[in-house]
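Worksheet: one structure, shown below.
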Amino acid sequence: MFVLSSMLEAKAQVKKYAVHTVAFYNFENLFDTINNPNNDEEWTPTGAQNWTSKKYNQKLQNLSRVIMQIGTNDQQKEAPTFIGCSEIENRGVLEDLIKTPNLVNLDYGIVHFDSPDKRGIDVGLLYQKKYFKPTSFVNIPLIIYRGNNNEKDKETEEDKADKDKIEVTKDNRIYTRDILLVTGFLDGEEINLLVNHWPSRSGGEKKSSPFREAAGRLARKVMDSVYKVNPNAKIILMGDLNDGAYNKSVKEGVGAKLKKSEVKQFGVYNPFEQMAKDGNASLFYRDAGDIFDQIMVSETLIKTDFSSFQYWKAGIYNKPFMIQTTGQYKGYPLRHQANEVGFSDHFPVYVYLIKEVK
């Protein structure tokens, strides 16, 4: 009787949780094959990449294979509820992606705006319609300028070949990606998501840092505007930041903290800072591993009361099939090459949101 009573008590103490995965993935040059007026000539059948329909469709299949598995494990069987994405040409490529056999039954919705980026690439958000109902979405432009019209940067050969080279107009404005803000209800609970792709390191990390610092300040300003409407808002900031968690753009611009105990009201926790300290990487920049792809959460998502959705833990999805196995770039993400359509030069990152269910 004592053993049976103990077993029943233990069973009664087992808690159940609803789990949702929030992911971010830089798709690396997800262009269609159509020549549009957005500097995409390279990604056409007659362009430098010889970008044919066959290659494009293979790229979609590769990305969908990754997306459907991000964050899945023994506890979490489902594909991500949210996928923030960058380096997409237009809404059409996302529509093609969610129609692939791996994803079509997941019924993803799309939030996307065209941005003024000179390469013609944008950010977007995919979400599973059965879980999330968006109520508002807006794109917020990052308006930055280079300081001196006569300034001539010394560029290395690597800088000149940089795929994300910063371009400047006659008025000295640097046109880059907007920040995407999406608000809606996740299983009836309000969630706010910011999707980012901050200016590149073209011309050198130090010279380009002020542009990303401006992006960090803008992201913080957006978060503050959300808090003005709802002081208890739950906010998730994600993106390819082209900076590490230790850089000024993140530490001072956003105000992200390494430890949960350091996060005050309206503050931000960045789980990827510790992961970077532990030697993990989401990409390799000039032969050094780093985590430029990050997901941060507001103080309202790191409480210990799981009666509403809270942050649980974070990860980098880097399965063997996504990794280069030979040659100079062994261990790097398996990206597009002349004779092989890869996945991306970034690994996707993710966090779990969990809530206790009765």
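Convention: chains lettered A, B, ... in structure tokens order; per-chain residue numbering from 1; ligands numbered from 1 as shown.
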Please identify the strand (DSSP E or B) residues within segment 90-325 of chain A (assignment by DSSP from backbone atoms) and present them as a PyMOL selection string. chain A and resi 108-112+122-128+132-140+144-145+168+173-174+179-186+189-197+235-240+256-257+268-269+283-285+288-290+293-298+310-316+323
Select from segment 75-154 of chain A everything DSSP, run on the backbone, classes as helix (DSSP H, G or I), then give the selection as a VMD selection string. chain A and resid 91 to 98 104 to 106
Using only C-alpha atoms, which residues sit within 6 Å of segment 189-194 of chain A once same-chain residues fewer than 2 positions away are excluded, as a count of residues only? 12
Compile the contact shell of Asp178 of chain A as a PyMOL selection string: residues with an atom at most 8 Å away, counting only C-alpha atoms, same-chain residues fewer than 4 positions apart removed. chain A and resi 115-116+122-123+139-142+196-197
I'd like the neighbourhood of Ala79 of chain A as a PyMOL selection string, where a residue qualifies if any of its atoms comes within 7 Å (using only C-alpha atoms), though same-chain residues fewer than 4 positions away should be ignored. chain A and resi 67-70+72
May I have the residues from that selection written out with all heavy atoms, as a short mmCIF file (atom, residue, chain, number, x, y, z; two decimals), in the first residue's frame?
```cif
data_model
loop_
_atom_site.label_atom_id
_atom_site.label_comp_id
_atom_site.auth_asym_id
_atom_site.auth_seq_id
_atom_site.Cartn_x
_atom_site.Cartn_y
_atom_site.Cartn_z
N ILE A 67 14.31 23.49 -41.65
CA ILE A 67 13.24 24.17 -40.89
C ILE A 67 12.36 23.18 -40.15
O ILE A 67 12.02 23.38 -38.98
CB ILE A 67 12.40 25.04 -41.84
CG1 ILE A 67 13.21 26.27 -42.28
CG2 ILE A 67 11.10 25.49 -41.17
CD1 ILE A 67 12.55 27.07 -43.39
N MET A 68 11.98 22.10 -40.81
CA MET A 68 11.05 21.16 -40.20
C MET A 68 11.65 20.44 -38.99
O MET A 68 10.93 19.87 -38.18
CB MET A 68 10.59 20.13 -41.23
CG MET A 68 11.67 19.16 -41.69
SD MET A 68 11.10 17.93 -42.88
CE MET A 68 9.93 17.01 -41.89
N GLN A 69 12.99 20.52 -38.84
CA GLN A 69 13.65 19.81 -37.75
C GLN A 69 14.20 20.70 -36.65
O GLN A 69 14.60 20.21 -35.60
CB GLN A 69 14.81 18.98 -38.32
CG GLN A 69 14.41 17.92 -39.32
CD GLN A 69 15.60 17.12 -39.81
OE1 GLN A 69 16.42 16.67 -39.02
NE2 GLN A 69 15.71 16.94 -41.12
N ILE A 70 14.25 22.02 -36.88
CA ILE A 70 14.87 22.90 -35.89
C ILE A 70 14.21 22.74 -34.52
O ILE A 70 13.00 22.86 -34.38
CB ILE A 70 14.76 24.39 -36.32
CG1 ILE A 70 15.53 24.64 -37.62
CG2 ILE A 70 15.30 25.30 -35.22
CD1 ILE A 70 15.34 26.03 -38.17
N THR A 72 13.66 20.16 -32.76
CA THR A 72 12.97 18.91 -32.45
C THR A 72 13.89 17.98 -31.66
O THR A 72 15.08 17.91 -31.90
CB THR A 72 12.48 18.21 -33.72
OG1 THR A 72 13.59 17.98 -34.59
CG2 THR A 72 11.45 19.05 -34.45
#
```
Could you name the residues that touch segment 19-29 of chain A at 8 Å or less, counting only C-alpha atoms, but leaving out those on the same chain fewer than 3 positions away, as number ranges by chain? A: 63, 70-71, 76, 79-89, 121, 238-240, 293-295, 343-355
Nearest candidate to Ser208 of chain A (options A:Ala281, A:Ile144, A:Ala338, A:Val195; using only C-alpha atoms):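 Looking only at the distances to Ser208 of chain A, the closest residue turns out to be A:Ile144.
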Long-range neighbours of segment 36-45 of chain A as a ChimeraX atom specification, 10 Å cut-off, only C-alpha atoms, 4 positions minimum in chain: /A:29-32,49-53,55-56,89,116-121
Could you state the separation of atom CA of Val357 of chain A and atom CA of Lys15 of chain A in Å, given to one decimal place?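 Distance reported for this atom pair: 7.7 Å.
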Just the number, please: distance in Å from atom CA of Val263 of chain A to atom CA of Leu218 of chain A, one decimal. 19.6 Å
